[in-house]
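What's in query_33.cif: mmCIF, C-alpha atoms
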```
data_model
loop_
_atom_site.label_atom_id
_atom_site.label_comp_id
_atom_site.auth_asym_id
_atom_site.auth_seq_id
_atom_site.Cartn_x
_atom_site.Cartn_y
_atom_site.Cartn_z
CA MET A 693 -3.09 45.00 -26.34
CA ASP A 694 0.48 44.13 -27.45
CA GLY A 695 1.64 41.03 -29.31
CA ALA A 696 2.62 39.12 -26.18
CA GLU A 697 -0.73 39.72 -24.58
CA ARG A 698 -2.53 38.68 -27.73
CA LEU A 699 -0.47 35.45 -27.91
CA PHE A 700 -1.13 34.80 -24.22
CA ASN A 701 -4.86 35.21 -24.69
CA GLU A 702 -4.72 32.78 -27.62
CA ILE A 703 -2.90 30.29 -25.39
CA VAL A 704 -5.53 30.74 -22.69
CA LYS A 705 -8.31 30.19 -25.22
CA ASP A 706 -6.72 27.13 -26.79
CA TYR A 707 -5.17 25.39 -23.79
CA SER A 708 -6.78 26.41 -20.49
CA GLU A 709 -9.45 23.73 -20.53
CA ARG A 710 -7.06 20.99 -21.55
CA VAL A 711 -4.51 22.04 -18.92
CA TYR A 712 -7.27 22.08 -16.31
CA TRP A 713 -8.33 18.47 -17.01
CA HIS A 714 -4.72 17.34 -16.94
CA VAL A 715 -4.04 19.08 -13.64
CA ARG A 716 -7.31 17.88 -12.14
CA ARG A 717 -6.21 14.27 -12.63
CA TRP A 718 -3.15 15.05 -10.53
CA VAL A 719 -4.63 17.03 -7.69
CA ASN A 720 -7.97 15.17 -7.46
CA ASN A 721 -9.87 18.24 -6.32
CA HIS A 722 -11.49 21.11 -8.23
CA GLU A 723 -10.37 24.01 -6.00
CA ASP A 724 -6.71 23.02 -6.04
CA ALA A 725 -6.84 22.35 -9.78
CA ASP A 726 -8.22 25.87 -10.25
CA ASP A 727 -5.40 27.39 -8.16
CA LEU A 728 -2.75 25.37 -9.93
CA VAL A 729 -4.03 26.24 -13.40
CA GLN A 730 -3.72 29.92 -12.47
CA GLU A 731 -0.15 29.36 -11.25
CA ILE A 732 0.68 27.57 -14.50
CA PHE A 733 -0.69 30.37 -16.67
CA LEU A 734 1.05 32.99 -14.55
CA LYS A 735 4.27 31.07 -15.21
CA ILE A 736 3.46 30.88 -18.92
CA TRP A 737 2.92 34.65 -19.04
CA THR A 738 6.17 35.31 -17.14
CA ALA A 739 8.14 32.95 -19.37
CA LEU A 740 6.54 34.05 -22.63
CA PRO A 741 9.37 36.49 -23.54
CA SER A 742 11.83 33.57 -23.33
CA PHE A 743 9.79 31.38 -25.73
CA ARG A 744 11.97 31.24 -28.80
CA GLY A 745 9.86 28.99 -30.94
CA GLU A 746 12.43 26.20 -31.21
CA ALA A 747 10.05 23.99 -29.29
CA GLN A 748 6.46 23.70 -30.40
CA LEU A 749 4.16 25.93 -28.40
CA PHE A 750 2.20 22.90 -27.24
CA THR A 751 5.34 21.14 -25.97
CA TRP A 752 6.55 24.29 -24.25
CA ILE A 753 3.21 24.82 -22.47
CA TRP A 754 2.99 21.22 -21.43
CA ARG A 755 6.53 21.28 -20.01
CA ILE A 756 5.59 24.23 -17.83
CA ALA A 757 2.35 22.55 -16.77
CA THR A 758 4.16 19.30 -15.94
CA ASN A 759 6.91 21.03 -13.94
CA GLU A 760 4.46 23.16 -11.99
CA THR A 761 2.29 20.13 -11.24
CA LEU A 762 5.28 18.17 -9.94
CA ASN A 763 6.33 21.15 -7.81
CA TRP A 764 2.81 21.25 -6.39
CA LEU A 765 2.93 17.52 -5.67
CA ARG A 766 6.24 17.88 -3.82
CA ARG A 767 4.86 20.72 -1.72
CA GLU A 768 1.87 18.53 -0.88
CA LYS A 769 4.20 15.71 0.16
CA VAL A 770 5.89 18.05 2.63
CA ARG A 771 2.51 19.26 3.85
CA ALA A 772 1.36 15.66 4.36
CA ALA A 773 4.61 14.78 6.18
CA LEU A 774 4.05 17.73 8.52
CA ARG A 775 0.72 16.17 9.45
CA PHE A 776 2.44 12.79 9.92
CA SER A 777 0.39 11.54 7.01
CA SER A 778 1.33 10.39 3.51
CA ILE A 779 0.54 11.79 0.11
CA ASP A 780 -1.31 8.54 -0.78
CA THR A 781 -3.66 8.94 2.18
CA GLU A 782 -4.13 12.60 1.32
CA MET A 783 -5.01 11.78 -2.30
CA GLU A 784 -7.50 9.11 -1.27
CA ARG A 785 -9.18 11.62 1.01
CA ARG A 786 -9.35 14.17 -1.81
CA ILE A 787 -10.96 11.68 -4.18
CA ASP A 788 -13.53 10.72 -1.54
CA ASP A 789 -14.29 14.33 -0.61
CA ASP A 790 -14.39 15.89 -4.09
CA PRO A 791 -17.95 17.17 -4.66
CA PHE A 792 -17.31 17.25 -8.42
CA PHE A 793 -16.43 13.58 -8.65
CA ASP A 794 -19.37 12.03 -10.47
CA GLY A 795 -18.04 8.57 -11.18
CA ASP A 796 -19.08 5.26 -9.72
CA ALA A 797 -17.15 3.01 -7.33
CA ALA A 798 -15.05 1.61 -10.18
CA ASP A 799 -14.05 5.12 -11.33
CA ARG A 800 -13.15 5.98 -7.76
CA ALA A 801 -11.03 2.84 -7.43
CA LEU A 802 -9.25 3.68 -10.69
CA SER A 803 -8.51 7.24 -9.54
CA LYS A 804 -7.11 5.93 -6.26
CA ALA A 805 -4.97 3.33 -8.01
CA VAL A 806 -3.56 5.99 -10.35
CA ALA A 807 -2.88 8.33 -7.43
CA LYS A 808 -0.73 5.65 -5.83
CA LEU A 809 1.54 5.18 -8.83
CA PRO A 810 5.11 6.44 -8.52
CA GLU A 811 5.54 9.97 -9.85
CA LYS A 812 6.99 9.19 -13.28
CA GLN A 813 4.65 6.29 -13.99
CA ARG A 814 1.72 8.45 -12.96
CA GLN A 815 2.92 11.18 -15.31
CA VAL A 816 3.00 8.73 -18.20
CA PHE A 817 -0.31 7.15 -17.25
CA VAL A 818 -2.18 10.46 -17.01
CA LEU A 819 -0.76 11.73 -20.31
CA ARG A 820 -1.42 8.48 -22.14
CA TYR A 821 -4.61 7.10 -20.66
CA TYR A 822 -6.56 10.26 -19.81
CA ASP A 823 -5.04 12.84 -22.18
CA GLU A 824 -4.52 10.27 -24.97
CA MET A 825 -1.26 11.92 -25.95
CA PRO A 826 0.95 10.19 -28.56
CA TYR A 827 4.22 8.78 -27.23
CA GLU A 828 6.24 11.01 -29.57
CA GLN A 829 4.71 14.13 -28.04
CA MET A 830 5.17 12.77 -24.51
CA SER A 831 8.80 12.09 -25.34
CA GLU A 832 9.36 15.75 -26.28
CA ILE A 833 7.67 16.98 -23.13
CA LEU A 834 9.22 14.56 -20.66
CA GLY A 835 12.65 14.36 -22.28
CA THR A 836 12.98 10.59 -22.55
CA SER A 837 12.66 7.99 -25.30
CA THR A 838 9.34 6.63 -26.53
CA GLY A 839 10.59 3.15 -25.60
CA ALA A 840 11.11 4.21 -21.99
CA LEU A 841 7.64 5.76 -21.93
CA LYS A 842 6.02 2.62 -23.36
CA ALA A 843 7.79 0.48 -20.77
CA SER A 844 6.78 2.87 -18.02
CA TYR A 845 3.15 2.89 -19.19
CA HIS A 846 3.13 -0.88 -19.33
CA ILE A 847 4.35 -1.14 -15.73
CA ALA A 848 1.81 1.48 -14.64
CA GLN A 849 -0.98 -0.45 -16.37
CA GLU A 850 0.10 -3.64 -14.60
CA LYS A 851 -0.02 -1.91 -11.24
CA VAL A 852 -3.43 -0.37 -11.89
CA ARG A 853 -4.73 -3.70 -13.17
CA ALA A 854 -3.45 -5.43 -10.03
CA ALA A 855 -5.01 -2.77 -7.80
CA LEU A 856 -8.39 -3.01 -9.55
CA GLY A 857 -8.39 -6.76 -9.93
CA HIS A 858 -9.61 -6.58 -13.53
CA ASP A 859 -8.43 -5.49 -16.96
CA LEU A 860 -9.27 -1.97 -18.08
CA PHE A 861 -6.80 -1.82 -20.88
CA SER A 862 -7.61 -4.47 -23.44
CA GLY A 863 -7.01 -2.97 -26.84
CA THR A 864 -4.70 -0.20 -25.61
CA ASP A 865 -0.91 -0.22 -25.79
CA MET B 508 -16.13 3.25 -17.48
CA SER B 509 -15.52 6.56 -19.23
CA LYS B 510 -12.28 8.45 -18.93
CA ARG B 511 -13.52 11.99 -18.36
CA ASN B 512 -17.16 11.83 -17.31
CA ASP B 513 -16.22 10.81 -13.81
CA ILE B 514 -15.16 14.35 -12.91
CA SER B 515 -16.91 17.64 -13.55
CA THR B 516 -16.66 21.35 -12.80
CA PRO B 517 -19.14 23.95 -11.55
CA ALA B 518 -21.47 25.27 -14.29
CA GLY B 519 -19.87 28.00 -16.41
CA TYR B 520 -16.49 27.34 -14.88
CA PHE B 521 -14.39 27.44 -18.05
CA GLU B 522 -15.78 30.81 -19.20
CA ASP B 523 -14.96 32.23 -15.78
CA LEU B 524 -11.51 30.62 -15.77
CA GLN B 525 -10.71 32.04 -19.19
CA GLN B 526 -11.68 35.54 -18.06
CA ARG B 527 -9.55 35.29 -14.94
CA LEU B 528 -6.55 33.96 -16.86
CA GLU B 529 -6.83 36.71 -19.45
CA GLY B 530 -6.53 39.18 -16.56
CA ILE B 531 -3.06 37.88 -15.65
CA PRO B 532 -1.06 40.27 -17.90
CA ALA B 533 -2.74 43.27 -16.27
CA ARG B 534 -1.89 42.24 -12.71
CA LYS B 535 1.34 40.28 -13.12
CA GLN B 536 3.63 42.86 -11.49
CA VAL B 537 3.48 41.91 -7.84
CA SER B 538 6.25 43.31 -5.72
CA PRO B 539 7.58 40.96 -3.03
CA SER B 540 6.60 41.88 0.48
CA GLY B 541 9.33 43.26 2.71
CA ILE B 542 7.68 41.91 5.85
CA MET B 543 9.57 38.62 5.81
CA VAL B 544 12.87 40.45 5.57
CA ARG B 545 12.08 42.10 8.87
CA LEU B 546 11.05 38.90 10.65
CA THR B 547 11.95 38.73 14.28
CA PRO B 548 14.56 36.23 15.54
CA TYR B 549 11.76 34.32 17.31
CA VAL B 550 10.22 33.36 13.99
CA ALA B 551 13.65 32.35 12.72
CA ILE B 552 14.13 30.03 15.70
CA ALA B 553 10.70 28.46 15.15
CA ALA B 554 11.42 27.98 11.45
CA SER B 555 14.80 26.46 12.32
CA PHE B 556 13.10 23.87 14.50
CA LEU B 557 10.59 23.17 11.73
CA VAL B 558 13.35 22.60 9.16
CA ALA B 559 15.17 20.21 11.52
CA VAL B 560 11.98 18.19 12.13
CA MET B 561 11.11 18.00 8.44
CA ILE B 562 14.59 16.99 7.34
CA GLY B 563 14.59 14.27 10.02
CA ASN B 564 11.21 13.11 8.74
CA ALA B 565 12.47 13.14 5.15
CA ILE B 566 15.50 11.04 6.08
CA LEU B 567 13.31 8.51 7.89
CA ARG B 568 11.03 8.24 4.87
CA GLN B 569 13.93 7.78 2.51
CA THR B 570 15.36 4.95 4.56
CA ALA B 571 12.09 2.98 4.30
CA VAL B 572 12.44 0.04 1.91
CA PRO B 573 10.23 0.51 -1.20
CA ALA B 574 8.32 -2.36 -2.75
CA GLU B 575 10.12 -3.77 -5.75
CA ASP B 576 8.52 -4.06 -9.17
CA ASP B 577 8.06 -7.64 -10.23
CA PRO B 578 11.01 -8.41 -12.55
CA TRP B 579 8.80 -10.75 -14.61
CA THR B 580 6.71 -7.78 -15.61
CA TYR B 581 9.76 -6.24 -17.20
CA VAL B 582 10.69 -9.51 -18.87
CA SER B 583 7.21 -9.96 -20.34
CA TYR B 584 7.27 -6.40 -21.57
CA LEU B 585 10.60 -7.01 -23.26
CA ALA B 586 9.09 -9.88 -25.21
CA ASP B 587 6.01 -7.86 -26.10
CA ALA B 588 7.70 -4.63 -27.03
CA LEU B 589 10.01 -6.00 -29.74
CA ASP B 590 12.88 -4.33 -28.02
CA PRO B 591 15.69 -6.84 -28.55
CA ASP B 592 18.51 -4.65 -27.27
CA GLY B 593 16.65 -3.65 -24.11
CA ALA B 594 17.18 0.05 -24.76
CA ALA B 595 13.66 0.96 -23.63
CA LEU B 596 14.20 -0.61 -20.22
CA VAL B 597 17.57 1.03 -19.77
CA ASP B 598 16.02 4.39 -20.69
CA MET B 599 13.08 3.79 -18.39
CA ALA B 600 15.30 2.83 -15.46
CA ALA B 601 17.41 5.96 -15.95
CA TRP B 602 14.33 8.16 -16.34
CA GLU B 603 12.50 6.77 -13.33
CA GLU B 604 15.62 6.75 -11.17
CA GLU B 605 15.17 10.09 -9.43
CA GLU B 606 11.89 9.38 -7.83
CA GLU B 607 9.66 9.69 -4.83
CA GLY B 608 10.63 10.52 -1.29
CA LEU B 609 11.15 13.92 0.22
CA TYR B 610 14.34 15.76 -0.43
CA PRO B 611 15.74 18.78 1.41
CA GLU B 612 15.09 20.90 -1.70
CA ASP B 613 11.39 19.93 -1.55
CA ILE B 614 11.26 21.26 1.99
CA VAL B 615 13.11 24.42 1.01
CA ASN B 616 10.68 24.95 -1.90
CA PHE B 617 7.75 24.43 0.44
CA LEU B 618 9.12 27.02 2.87
CA LEU B 619 9.76 29.49 0.06
CA ALA B 620 6.22 28.97 -1.22
CA ASP B 621 4.98 29.64 2.30
CA GLY B 622 6.76 33.00 2.42
CA ILE B 623 10.05 32.25 4.22
CA SER B 624 12.71 34.51 2.68
CA VAL B 625 15.87 33.20 1.04
CA GLU B 626 17.90 35.18 3.60
CA HIS B 627 16.28 33.28 6.44
CA LEU B 628 16.78 29.93 4.76
CA ASN B 629 20.46 30.73 4.33
CA TYR B 630 20.62 31.74 7.97
CA LEU B 631 18.86 28.52 9.05
CA SER B 632 21.07 26.32 6.87
CA TYR B 633 24.12 27.90 8.47
CA GLU B 634 22.70 27.40 11.96
CA GLU B 635 21.75 23.77 11.33
CA GLY B 636 24.97 22.94 9.51
CA TYR B 637 23.19 21.82 6.30
#
```

Translate this file's structure into C-alpha cells.
Amino acid sequence: MDGAERLFNEIVKDYSERVYWHVRRWVNNHEDADDLVQEIFLKIWTALPSFRGEAQLFTWIWRIATNETLNWLRREKVRAALRFSSIDTEMERRIDDDPFFDGDAADRALSKAVAKLPEKQRQVFVLRYYDEMPYEQMSEILGTSTGALKASYHIAQEKVRAALGHDLFSGTD
Amino acid sequence: MSKRNDISTPAGYFEDLQQRLEGIPARKQVSPSGIMVRLTPYVAIAASFLVAVMIGNAILRQTAVPAEDDPWTYVSYLADALDPDGAALVDMAAWEEEEEGLYPEDIVNFLLADGISVEHLNYLSYEEGY
C-alpha cells in the first residue's frame, strides 16, 4: 500500500460517516446517498495527487463533497423536468418513501421545508443546523464571508419557521 | 425534535461502506467505453430532439417569476446582526445570485452523466445552433 492509498484510507475512516450524513440530508434517500458518497470518494481519490496541503484536508474534502452534491442536485432537476415534475415534488416524495426515515410528522415537515429552500440557503442550513459547522469553516468551504453566511442562515431559518408555523431555533444564531 | 435521530441506515452499513470505499484505489482505472463513439445517427437524432425539448423546458422555467424574499426580513437581520455597513447583505446577495433554475450546462452535464459522448454533444449543438 503506497502513501496515497494509506492517506485515502485514513480519509475514508475519518470522514465517510460524516460525509454520508451530510449527503443524506440533501438527497433524502439512503440508496442515493450511498451512491453519491461513493462518487464523492472516487473524486477524492482521483484528486488526491493534486491536494497540495494549502487548504486544510477537511476543507478540501468538504469542497469536493459540496460540489458533487450540487452536481447531483442539478442532474436531478433535469431528471424531474423530463418527467414534467419539479425537484420540490421529487424531494417530498423521497422523504415520504424513505424506509430509513424514523422521525415523526414534525421531523418530516422540517425535512420538507429544508428541501424547498433555495440551493445556497439550503447549503448553509444543512451545514449549520444539521452538521453544526462553525461559520468560519463554512466560509472556507463555500468561499464567501461569514457575514453573508449568517444572513443566509437567518433567511433560511425564517423560511423554515414560516413553513412549520412554529419556532425551532430559539437559542441558535 | 432531534437533528439526526430522524434518519437511519441499515444495520452494519458504515462498516460495509468503509470496506467498499477502501476498495476504490484498486478499481479506479476504468477505461471509457467506445460504444458511444460508434452510436448510430438515429440515436443522435433522438438525442437532438431531447436536447431541444429540455432547453425549451429550461427557458420556460427560467421565465417563471420567483417569489421574493420579504425585505423586512433583511432589515430586521441588519439590526440584529450588528452589521452597520451592510457588508453581510451585499456579500449574501452576490453569493446567492447564481441560483436555481435549469441551465443549458446542467442539461449537458446530465447527458454526459448518462453516457452521451462529448463528440455527439458538439454535433448536436452545431445542429441546433446553440

Minimum-distance residue to chain B, chosen among A:Glu768, A:Glu850, A:Asp823, A:Asp794 (using only C-alpha atoms) =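 Once distances to chain B are computed over only C-alpha atoms, the minimum belongs to A:Asp794.
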
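Nearest to chain B of all the residues A:Ile753, A:Ala855, A:Val719, A:Leu774 is A:Leu774, counting all atoms listed in the file.
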
When the PyMOL selection byres ((chain A and resi 762) around 12) is applied to the file above, which residues end up in the set, as a ChimeraX atom specification?
-> /A:715,718-719,728,732,755-761,763-769,810-812,814-815,834 /B:606-607,613,616

What gap, in Å, lies between atom CA of B:Leu528 and atom CA of A:Trp737?
->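 If I compute the distance from atom CA of B:Leu528 to atom CA of A:Trp737, I get 9.7 Å.
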
Go ahead and compute the interatomic distance for atom CA of B:Arg527 and atom CA of A:Arg698, in Å to one decimal.
-> 15.0 Å

Do you have the atom CA of A:Glu702-atom CA of A:Asp724 distance handy?
->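 These atoms are spaced 23.8 Å apart.
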
One residue among B:Val560, B:Ala601, B:Ile552, B:Ile514 is nearest to chain A when using only C-alpha atoms, and that residue is B:Ile514

Between B:Met599, B:Gly530, B:Ala559, B:Ala551, which is the closest to chain A once you count only C-alpha atoms?
-> B:Met599

Using all atoms listed in the file: which of A:Ile736, A:Ser831, A:Ala805, A:Gly695 has the shortest distance to B:Ile531 =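 Of the candidates, the smallest distance to B:Ile531 is held by A:Ile736.
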
Restricting to all atoms listed in the file, whichever of B:Ala554, B:Pro532, B:Asp523, B:Ile566 is closest to chain A is B:Pro532

Got a sec to resolve the PyMOL selection byres ((chain A and resi 704-712) around 7) on this structure and send the residues as a ChimeraX atom specification?
-> /A:700-703,713-716,725,729 /B:521,525,528-529

Taking the file as shown, what set of residues would the PyMOL selection byres ((chain A and resi 790-792) around 9) give back, as an MDAnalysis selection string?
-> (chainID A and resid 720:722 785:789 793:794) or (chainID B and resid 513:517)

Using only the atoms of stretch 699-714 of chain A listed in the file, plus 4 Å on each side, state the axis-aligned box centre and edge lengths in Å rounded to one decimal, as lines of an AutoDock Vina configuration file.
```
center_x = -5.0
center_y = 26.4
center_z = -22.1
size_x = 17.0
size_y = 26.1
size_z = 19.6
```

Could you name the residues that touch A:Ala854 at 12 Å or less, counting only C-alpha atoms, but leaving out those on the same chain fewer than 2 positions away, as a list in words?
->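 With the cut-off at 12 Å, the set is Ala801, Leu802, Ala805, Val806, Leu809, Ile847, Ala848, Gln849, Glu850, Lys851, Val852, Leu856, Gly857, His858, Asp859, Leu860 and Phe861 of chain A; Asp577 and Thr580 of chain B.
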